[in-house]
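**Q** Here you go, one structure.
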Amino acid sequence: MSSRLLAFRARVAPRAPRHAARNASKPFHHSPRAQLKFHYHSNMSLRVADLCKDYPTRSGTLPVLRGVSLELQSGDALAITGPSGSGKSTLLNILGTLDQPTSGTVRIADKDPFTLPETELAAFRNQHIGFVFQEHYLLPQCSVLENVLLPTLASNHHEPALPWANELLERVGLKDRLEHRPAELSGGERQRVALARSLIHHPLVLLADEPTGNLDRTNATAIGELLLQLQQQEKTILIVVTHNTELAKRFPRQMEMNDGMLAGPSAQT
Ligand SMILES: Nc1ncnc2c1ncn2[C@@H]1O[C@H](COP(=O)(O)OP(=O)(O)OP(=O)(O)O)[C@@H](O)[C@H]1O
Ligand SMILES: [Mg+2]
């Protein structure tokens, strides 16, 4: 492992497991994960059936999702619009396994992630789900390249993932900024880094919650184009929640959330 990567790991995850070096020496394309990747991406589906989410509040139970059903295949891209408070982020958080549904089922690649024990669920999320949020959540002390490699620390795949990280940063137009810190980038550039980071594990599902919410129109359009381009190349399932109707219109499939219910699709394929 290069001294630069060792220093990076020491700075960000000082107590990574000892088998890191052993795993890191394996070429990425020889890892079991890489061998499974094509299989997953070619036949993968996301199935959501009758999903409900209630929140207990002081004035009683608040039903936020009220029977959401959805099915997407590898390479599908869906934009969800809808009024504030209608349940869009709640749905995305559940699909990203960050929150549990009250009832209903989620199946990702024919697996119900909520049946997994907590540590396996965390590994599943890290490996198979990519997130892009309105805030980029980049680590200020790390370089652009290190931020993209960050999710690989948990699985100790950062050295084998280096060529892919470089390629992603080239694809998002930042190959000359690898050593920059986030503070030295514009808002649009930071969001490009976040986009590259979300794809470092070749996720099965990419979830973006208001990814262009902090950007001006030009940057919002550019990020939207990039999202769709990368998603098509990777054949990832992409779900974007947005208030930007121009962005939503670029998606082959659009649905609207209203009062916890998802209506559509207005498919344009
Ligand atoms: N932890 C919680 N406890 C209680 N209520 C919650 C909780 N999280 C969200 N809610 C409520 O659930 C509803 C839906 O919230 P959600 O964040 O999903 O909306 P949204 O569609 O993403 O809105 P926005 O477009 O403003 O981001 C809101 O009324 C919110 O107050
Ligand atoms: Mg929201």
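We name chains A, B, ... following the order of the structure tokens; residues begin at 1 in each chain, and ligands are numbered from 1 as shown.
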Set the distance at 10 Å and use only C-alpha atoms: which residues neighbour A:Gly264 once local chain neighbours fewer than 4 positions away are removed? I'd like the list as a ChimeraX atom specification.
**A** /A:70,80,253-257
**Q** Would you output that residue set with N, CA and C atoms, as an mmCIF file, in the first residue's frame?
**A**
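Dumped everything to out_21.cif:
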```
data_model
loop_
_atom_site.group_PDB
_atom_site.id
_atom_site.type_symbol
_atom_site.label_atom_id
_atom_site.label_comp_id
_atom_site.auth_asym_id
_atom_site.auth_seq_id
_atom_site.Cartn_x
_atom_site.Cartn_y
_atom_site.Cartn_z
ATOM 1 N N LEU A 70 -43.746 0.266 -5.868
ATOM 2 C CA LEU A 70 -42.859 0.733 -6.918
ATOM 3 C C LEU A 70 -42.009 -0.424 -7.388
ATOM 4 N N ILE A 80 -38.794 11.844 -8.603
ATOM 5 C CA ILE A 80 -39.975 12.024 -7.753
ATOM 6 C C ILE A 80 -40.072 13.500 -7.385
ATOM 7 N N ARG A 253 -38.693 8.428 -16.390
ATOM 8 C CA ARG A 253 -39.889 8.108 -15.595
ATOM 9 C C ARG A 253 -40.038 9.151 -14.482
ATOM 10 N N GLN A 254 -41.255 9.634 -14.312
ATOM 11 C CA GLN A 254 -41.513 10.636 -13.275
ATOM 12 C C GLN A 254 -42.742 10.244 -12.474
ATOM 13 N N MET A 255 -42.671 10.457 -11.170
ATOM 14 C CA MET A 255 -43.829 10.206 -10.313
ATOM 15 C C MET A 255 -43.959 11.370 -9.339
ATOM 16 N N GLU A 256 -45.160 11.496 -8.781
ATOM 17 C CA GLU A 256 -45.378 12.592 -7.845
ATOM 18 C C GLU A 256 -45.843 12.052 -6.508
ATOM 19 N N MET A 257 -45.233 12.557 -5.451
ATOM 20 C CA MET A 257 -45.640 12.185 -4.098
ATOM 21 C C MET A 257 -46.623 13.230 -3.594
#
```
**Q** Which residues are near ligand 2 - at most 9 Å, using only C-alpha atoms and all ligand atoms? Format: as a JSON list (two decimals) with C-alpha atoms, in the first residue's frame.
**A**
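Wrote out.json, looks like this:
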```
[["chain", "number", "residue", "atom", "x", "y", "z"],
["A", 84, "SER", "CA", -42.78, 19.83, 0.88],
["A", 85, "GLY", "CA", -43.70, 17.43, 3.67],
["A", 86, "SER", "CA", -45.32, 14.88, 1.34],
["A", 87, "GLY", "CA", -42.89, 12.09, 2.35],
["A", 88, "LYS", "CA", -40.21, 12.10, -0.39],
["A", 89, "SER", "CA", -37.16, 12.10, 1.89],
["A", 90, "THR", "CA", -38.83, 9.61, 4.20],
["A", 92, "LEU", "CA", -35.64, 7.72, 0.10],
["A", 209, "ASP", "CA", -32.32, 13.82, -2.44],
["A", 210, "GLU", "CA", -32.45, 17.34, -3.89],
["A", 241, "VAL", "CA", -36.14, 13.55, -5.46],
["A", 242, "THR", "CA", -36.32, 17.09, -6.71]]
```
**Q** Residues within 12 Å of ligand 1 (only C-alpha atoms and all ligand atoms), as a PyMOL selection string?
**A** chain A and resi 52-66+80-94+98-100+133-134+208-211+213+240-244+256-262
**Q** Write to file, as a compact mmCIF listing (two decimals), in the first residue's frame, the residues of the selection just made, with N, CA and C atoms.
**A**
```
# COMPACT_ATOMS: atom_id res chain seq x y z
N CYS A 52 -45.53 1.61 4.27
CA CYS A 52 -46.14 2.61 5.14
C CYS A 52 -45.13 3.05 6.19
N LYS A 53 -45.17 4.32 6.54
CA LYS A 53 -44.34 4.81 7.62
C LYS A 53 -45.15 5.77 8.47
N ASP A 54 -45.24 5.45 9.75
CA ASP A 54 -45.92 6.33 10.72
C ASP A 54 -44.88 6.87 11.68
N TYR A 55 -45.03 8.10 12.06
CA TYR A 55 -44.19 8.65 13.13
C TYR A 55 -45.08 8.92 14.35
N PRO A 56 -44.64 8.48 15.52
CA PRO A 56 -45.39 8.85 16.71
C PRO A 56 -45.12 10.32 17.04
N THR A 57 -46.12 11.09 17.29
CA THR A 57 -45.92 12.49 17.70
C THR A 57 -46.74 12.73 18.96
N ARG A 58 -46.56 13.90 19.58
CA ARG A 58 -47.29 14.20 20.82
C ARG A 58 -48.79 14.23 20.58
N SER A 59 -49.18 14.59 19.35
CA SER A 59 -50.63 14.65 19.09
C SER A 59 -51.14 13.39 18.40
N GLY A 60 -50.38 12.29 18.53
CA GLY A 60 -50.85 11.02 17.96
C GLY A 60 -49.95 10.54 16.84
N THR A 61 -50.39 9.49 16.17
CA THR A 61 -49.58 8.90 15.11
C THR A 61 -49.71 9.71 13.82
N LEU A 62 -48.56 10.02 13.21
CA LEU A 62 -48.58 10.77 11.96
C LEU A 62 -48.24 9.81 10.81
N PRO A 63 -49.25 9.49 9.96
CA PRO A 63 -48.93 8.62 8.81
C PRO A 63 -48.24 9.45 7.72
N VAL A 64 -47.00 9.07 7.37
CA VAL A 64 -46.22 9.86 6.41
C VAL A 64 -46.17 9.16 5.05
N LEU A 65 -45.97 7.84 5.05
CA LEU A 65 -46.09 7.08 3.80
C LEU A 65 -47.31 6.20 3.93
N ARG A 66 -48.16 6.22 2.91
CA ARG A 66 -49.45 5.53 3.05
C ARG A 66 -49.68 4.56 1.89
N ILE A 80 -38.79 11.84 -8.60
CA ILE A 80 -39.97 12.02 -7.75
C ILE A 80 -40.07 13.50 -7.38
N THR A 81 -41.22 14.08 -7.69
CA THR A 81 -41.48 15.46 -7.29
C THR A 81 -42.64 15.44 -6.30
N GLY A 82 -43.00 16.58 -5.78
CA GLY A 82 -44.13 16.65 -4.85
C GLY A 82 -43.90 17.71 -3.81
N PRO A 83 -44.99 18.15 -3.15
CA PRO A 83 -44.88 19.25 -2.21
C PRO A 83 -44.02 18.92 -0.99
N SER A 84 -43.54 19.96 -0.35
CA SER A 84 -42.78 19.83 0.88
C SER A 84 -43.62 19.10 1.93
N GLY A 85 -43.00 18.15 2.61
CA GLY A 85 -43.70 17.43 3.67
C GLY A 85 -44.52 16.26 3.17
N SER A 86 -44.46 15.96 1.88
CA SER A 86 -45.32 14.88 1.34
C SER A 86 -44.74 13.49 1.58
N GLY A 87 -43.45 13.40 2.01
CA GLY A 87 -42.89 12.09 2.35
C GLY A 87 -41.76 11.62 1.44
N LYS A 88 -41.24 12.49 0.59
CA LYS A 88 -40.21 12.10 -0.39
C LYS A 88 -38.91 11.64 0.29
N SER A 89 -38.41 12.47 1.21
CA SER A 89 -37.16 12.10 1.89
C SER A 89 -37.36 10.88 2.76
N THR A 90 -38.54 10.78 3.37
CA THR A 90 -38.83 9.61 4.20
C THR A 90 -38.74 8.34 3.35
N LEU A 91 -39.31 8.40 2.14
CA LEU A 91 -39.25 7.23 1.25
C LEU A 91 -37.79 6.92 0.88
N LEU A 92 -37.04 7.95 0.51
CA LEU A 92 -35.64 7.72 0.10
C LEU A 92 -34.82 7.14 1.27
N ASN A 93 -35.06 7.65 2.47
CA ASN A 93 -34.33 7.13 3.63
C ASN A 93 -34.63 5.66 3.87
N ILE A 94 -35.87 5.26 3.63
CA ILE A 94 -36.22 3.84 3.82
C ILE A 94 -35.60 3.00 2.69
N LEU A 98 -31.74 3.56 5.67
CA LEU A 98 -31.36 4.41 6.80
C LEU A 98 -32.46 4.47 7.84
N ASP A 99 -33.67 4.12 7.42
CA ASP A 99 -34.82 4.13 8.32
C ASP A 99 -35.66 2.90 8.01
N GLN A 100 -36.40 2.42 9.01
CA GLN A 100 -37.22 1.21 8.83
C GLN A 100 -38.66 1.59 8.49
N PHE A 133 -26.80 13.86 -1.46
CA PHE A 133 -27.73 14.70 -0.71
C PHE A 133 -27.62 16.15 -1.20
N GLN A 134 -28.52 16.97 -0.68
CA GLN A 134 -28.46 18.40 -1.02
C GLN A 134 -27.15 18.99 -0.52
N ALA A 208 -30.76 10.09 -4.76
CA ALA A 208 -30.32 11.49 -4.69
C ALA A 208 -31.49 12.34 -4.19
N ASP A 209 -31.27 13.00 -3.04
CA ASP A 209 -32.32 13.82 -2.44
C ASP A 209 -31.98 15.29 -2.66
N GLU A 210 -32.70 15.94 -3.54
CA GLU A 210 -32.45 17.34 -3.89
C GLU A 210 -30.98 17.59 -4.25
N PRO A 211 -30.42 16.81 -5.18
CA PRO A 211 -28.98 16.93 -5.44
C PRO A 211 -28.59 18.29 -6.02
N GLY A 213 -30.31 21.14 -5.19
CA GLY A 213 -31.03 22.13 -4.38
C GLY A 213 -30.22 23.37 -4.04
N VAL A 240 -34.22 10.06 -8.05
CA VAL A 240 -33.90 11.43 -7.66
C VAL A 240 -35.16 12.12 -7.15
N VAL A 241 -35.06 12.72 -5.98
CA VAL A 241 -36.14 13.55 -5.46
C VAL A 241 -35.77 14.99 -5.75
N THR A 242 -36.68 15.72 -6.35
CA THR A 242 -36.32 17.09 -6.71
C THR A 242 -37.54 18.01 -6.78
N HIS A 243 -37.29 19.29 -6.48
CA HIS A 243 -38.31 20.32 -6.71
C HIS A 243 -38.08 21.00 -8.05
N ASN A 244 -36.99 20.60 -8.72
CA ASN A 244 -36.60 21.21 -9.99
C ASN A 244 -37.32 20.50 -11.14
N GLU A 256 -45.16 11.50 -8.78
CA GLU A 256 -45.38 12.59 -7.84
C GLU A 256 -45.84 12.05 -6.51
N MET A 257 -45.23 12.56 -5.45
CA MET A 257 -45.64 12.18 -4.10
C MET A 257 -46.62 13.23 -3.59
N ASN A 258 -47.76 12.75 -3.11
CA ASN A 258 -48.74 13.64 -2.53
C ASN A 258 -49.29 12.99 -1.29
N ASP A 259 -49.08 13.66 -0.14
CA ASP A 259 -49.65 13.17 1.11
C ASP A 259 -49.33 11.69 1.35
N GLY A 260 -48.07 11.31 1.10
CA GLY A 260 -47.63 9.95 1.41
C GLY A 260 -48.01 8.90 0.38
N MET A 261 -48.53 9.35 -0.76
CA MET A 261 -48.87 8.39 -1.82
C MET A 261 -48.19 8.80 -3.12
N LEU A 262 -47.67 7.79 -3.81
CA LEU A 262 -46.90 8.03 -5.03
C LEU A 262 -47.80 7.76 -6.23
```
**Q** Find the distance between atom CA of A:Ala220 and atom CA of A:Ala196 and write it in Å to one decimal.
**A** 15.7 Å
**Q** Going by DSSP on the backbone, which residues of stretch 114-223 of chain A come out as strand (DSSP E or B)? List them as a ChimeraX atom specification.
**A** /A:129-132,205-209
**Q** Using Å and a single decimal, report how far atom CA of A:Arg197 sits from atom CA of A:Gln73.
**A**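 Separation between atom CA of A:Gln73 and atom CA of A:Arg197: 22.4 Å.
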